[in-house]
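Asks: Sharing a structure below in structure tokens format, with a few things to ask.
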Amino acid sequence: QVQLVESGGGLVQSGGSLRLSCAASGRVSGVYQMGWYRRAPEKQRELVASMTAGGYHDYADSVKGRFTISRDNGWMLGLQMNNLRPEDTAVYYCYLNNFEGVVWGQGTQVTVSS
């Protein structure tokens, strides 16, 4: 069974940067897509960034030019977040979609102060 563990969240001032990481462990195979969602208080879940097994990247319009998704060593997924804004405050969840379905991490809180 695949498990995902996020890290790197925290409190940052507006204009600052954070890097989130998501470590996948277990029987990781047949991955179609990995990415990041976020959920802000009283808002719907939003797809922030995704990448396919073929290397195609996609971003929400609200983060284009500021966030970068990457796959680091092995099955480590990264999200570099620059020029953060208060509206980026949310719990960020990584996910992995493979032939067995979708696996979610537990989430990491990102808070951007104005």
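How things are named: the first chain in the structure tokens is A, the next is B, and so on; residues count from 1 in each chain; ligands count from 1 in the order shown.
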Set the distance at 10 Å and use only C-alpha atoms: which residues neighbour Met81 (chain A) once local chain neighbours fewer than 3 positions away are removed? I'd like the list as a list in words.
Replies: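 The residues that qualify are Gly15, Gly16, Ser17, Leu18, Arg19, Leu20, Val63, Gly65, Arg66, Phe67, Thr68, Ile69, Gly78, Leu84, Arg85 and Asp88 of chain A.
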Asks: Which is closer to Gln44 (chain A) than all the others in A:Val5, A:Val91, A:Val102, A:Cys22, using only C-alpha atoms?
Replies: A:Val91
Asks: Please identify all polymer residues within 12 Å of Asp61 (chain A), counting only C-alpha atoms, omitting same-chain residues fewer than 6 positions from it, and present them as a ChimeraX atom specification.
Replies: /A:46-49,67
Asks: Give me the residues near Thr111 (chain A) as a ChimeraX atom specification, where near means some atom within 7 Å (using only C-alpha atoms) and where sequence neighbours in that chain fewer than 5 positions away do not count.
Replies: /A:10-12,89-90
Asks: Near Leu4 (chain A), counting only C-alpha atoms, which residues have an atom at most 10 Å away, once you skip same-chain residues fewer than 3 positions from it, shown as a PDB file with N, CA and C atoms, in the first residue's frame?
Replies:
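Once everything was written out, this is selection-v1.pdb:
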```pdb
ATOM      1  N   SER A  21       7.224  19.242   0.473  1.00  0.00           N
ATOM      2  CA  SER A  21       7.693  17.962  -0.031  1.00  0.00           C
ATOM      3  C   SER A  21       6.675  16.889   0.303  1.00  0.00           C
ATOM      4  N   CYS A  22       6.612  15.881  -0.540  1.00  0.00           N
ATOM      5  CA  CYS A  22       5.699  14.762  -0.341  1.00  0.00           C
ATOM      6  C   CYS A  22       6.470  13.490  -0.650  1.00  0.00           C
ATOM      7  N   ALA A  23       6.656  12.662   0.377  1.00  0.00           N
ATOM      8  CA  ALA A  23       7.408  11.422   0.216  1.00  0.00           C
ATOM      9  C   ALA A  23       6.443  10.258   0.056  1.00  0.00           C
ATOM     10  N   ALA A  24       6.611   9.515  -1.028  1.00  0.00           N
ATOM     11  CA  ALA A  24       5.785   8.329  -1.279  1.00  0.00           C
ATOM     12  C   ALA A  24       6.557   7.089  -0.879  1.00  0.00           C
ATOM     13  N   SER A  25       5.899   6.191  -0.193  1.00  0.00           N
ATOM     14  CA  SER A  25       6.537   4.939   0.205  1.00  0.00           C
ATOM     15  C   SER A  25       5.569   3.792  -0.023  1.00  0.00           C
ATOM     16  N   GLY A  26       6.113   2.593   0.027  1.00  0.00           N
ATOM     17  CA  GLY A  26       5.282   1.421  -0.214  1.00  0.00           C
ATOM     18  C   GLY A  26       5.418   0.945  -1.643  1.00  0.00           C
ATOM     19  N   TRP A  75      10.602   8.862  -5.387  1.00  0.00           N
ATOM     20  CA  TRP A  75       9.194   9.242  -5.375  1.00  0.00           C
ATOM     21  C   TRP A  75       8.968  10.388  -4.385  1.00  0.00           C
ATOM     22  N   MET A  76       9.795  11.418  -4.476  1.00  0.00           N
ATOM     23  CA  MET A  76       9.619  12.615  -3.686  1.00  0.00           C
ATOM     24  C   MET A  76       9.066  13.722  -4.579  1.00  0.00           C
ATOM     25  N   LEU A  77       7.885  14.212  -4.241  1.00  0.00           N
ATOM     26  CA  LEU A  77       7.239  15.280  -5.004  1.00  0.00           C
ATOM     27  C   LEU A  77       7.439  16.600  -4.271  1.00  0.00           C
ATOM     28  N   TYR A  93      -2.494  19.304   0.271  1.00  0.00           N
ATOM     29  CA  TYR A  93      -2.480  17.851   0.241  1.00  0.00           C
ATOM     30  C   TYR A  93      -1.811  17.369  -1.038  1.00  0.00           C
ATOM     31  N   CYS A  94      -0.907  16.429  -0.916  1.00  0.00           N
ATOM     32  CA  CYS A  94      -0.391  15.808  -2.125  1.00  0.00           C
ATOM     33  C   CYS A  94      -1.211  14.555  -2.424  1.00  0.00           C
ATOM     34  N   TYR A  95      -1.219  14.166  -3.674  1.00  0.00           N
ATOM     35  CA  TYR A  95      -1.943  12.970  -4.072  1.00  0.00           C
ATOM     36  C   TYR A  95      -1.148  12.231  -5.134  1.00  0.00           C
ATOM     37  N   LEU A  96      -1.461  10.962  -5.257  1.00  0.00           N
ATOM     38  CA  LEU A  96      -0.846  10.107  -6.269  1.00  0.00           C
ATOM     39  C   LEU A  96      -1.955   9.259  -6.876  1.00  0.00           C
ATOM     40  N   VAL A 103      -4.349   8.049  -3.883  1.00  0.00           N
ATOM     41  CA  VAL A 103      -3.844   8.048  -2.509  1.00  0.00           C
ATOM     42  C   VAL A 103      -3.587   9.490  -2.095  1.00  0.00           C
ATOM     43  N   TRP A 104      -3.953   9.818  -0.857  1.00  0.00           N
ATOM     44  CA  TRP A 104      -3.802  11.180  -0.347  1.00  0.00           C
ATOM     45  C   TRP A 104      -2.844  11.208   0.832  1.00  0.00           C
ATOM     46  N   GLY A 105      -2.158  12.335   0.953  1.00  0.00           N
ATOM     47  CA  GLY A 105      -1.377  12.587   2.151  1.00  0.00           C
ATOM     48  C   GLY A 105      -2.272  13.173   3.229  1.00  0.00           C
ATOM     49  N   GLN A 106      -1.690  13.409   4.395  1.00  0.00           N
ATOM     50  CA  GLN A 106      -2.474  13.886   5.536  1.00  0.00           C
ATOM     51  C   GLN A 106      -2.647  15.398   5.522  1.00  0.00           C
ATOM     52  N   GLY A 107      -1.878  16.089   4.691  1.00  0.00           N
ATOM     53  CA  GLY A 107      -1.997  17.536   4.585  1.00  0.00           C
ATOM     54  C   GLY A 107      -0.980  18.272   5.432  1.00  0.00           C
TER      55      GLY A 107
END
```
Asks: How would you write, as number ranges by chain, the set of residues in region 32-92 of chain A that DSSP gives as strand (DSSP E)?
Replies: A: 32-39, 46-52, 57-59, 67-71, 76-81, 90-92
Asks: Might you pull out every residue within 12 Å of Gly101 (chain A), with only C-alpha atoms counted and same-chain residues fewer than 3 positions away left off, and present them as a PyMOL selection string?
Replies: chain A and resi 1-2+28-34+95-98+104
Asks: Produce a file of the selected residues containing N, CA and C atoms, as a short mmCIF file (atom, residue, chain, number, x, y, z; two decimals), in the first residue's frame.
Replies:
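out_20.cif, freshly written:
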```cif
data_model
loop_
_atom_site.label_atom_id
_atom_site.label_comp_id
_atom_site.auth_asym_id
_atom_site.auth_seq_id
_atom_site.Cartn_x
_atom_site.Cartn_y
_atom_site.Cartn_z
N GLN A 1 0.84 -1.19 0.00
CA GLN A 1 0.00 0.00 0.00
C GLN A 1 0.87 1.24 0.00
N VAL A 2 0.47 2.21 -0.82
CA VAL A 2 1.24 3.45 -0.94
C VAL A 2 0.84 4.39 0.18
N VAL A 28 4.93 1.61 -4.81
CA VAL A 28 4.64 2.69 -5.76
C VAL A 28 4.94 2.21 -7.16
N SER A 29 3.90 2.05 -7.96
CA SER A 29 4.08 1.62 -9.34
C SER A 29 2.86 2.04 -10.16
N GLY A 30 3.03 2.07 -11.46
CA GLY A 30 1.92 2.39 -12.35
C GLY A 30 1.32 3.76 -12.10
N VAL A 31 2.17 4.74 -11.79
CA VAL A 31 1.66 6.07 -11.45
C VAL A 31 1.26 6.83 -12.71
N TYR A 32 0.05 7.36 -12.73
CA TYR A 32 -0.41 8.17 -13.85
C TYR A 32 -0.11 9.65 -13.61
N GLN A 33 -0.33 10.06 -12.37
CA GLN A 33 -0.27 11.49 -12.09
C GLN A 33 0.00 11.70 -10.61
N MET A 34 0.71 12.77 -10.31
CA MET A 34 0.91 13.22 -8.92
C MET A 34 0.66 14.71 -8.88
N TYR A 95 -1.22 14.17 -3.67
CA TYR A 95 -1.94 12.97 -4.07
C TYR A 95 -1.15 12.23 -5.13
N LEU A 96 -1.46 10.96 -5.26
CA LEU A 96 -0.85 10.11 -6.27
C LEU A 96 -1.96 9.26 -6.88
N ASN A 97 -1.99 9.21 -8.18
CA ASN A 97 -3.03 8.46 -8.89
C ASN A 97 -2.35 7.34 -9.66
N ASN A 98 -2.62 6.10 -9.28
CA ASN A 98 -2.06 4.99 -10.03
C ASN A 98 -3.15 3.97 -10.33
N TRP A 104 -3.95 9.82 -0.86
CA TRP A 104 -3.80 11.18 -0.35
C TRP A 104 -2.84 11.21 0.83
#
```
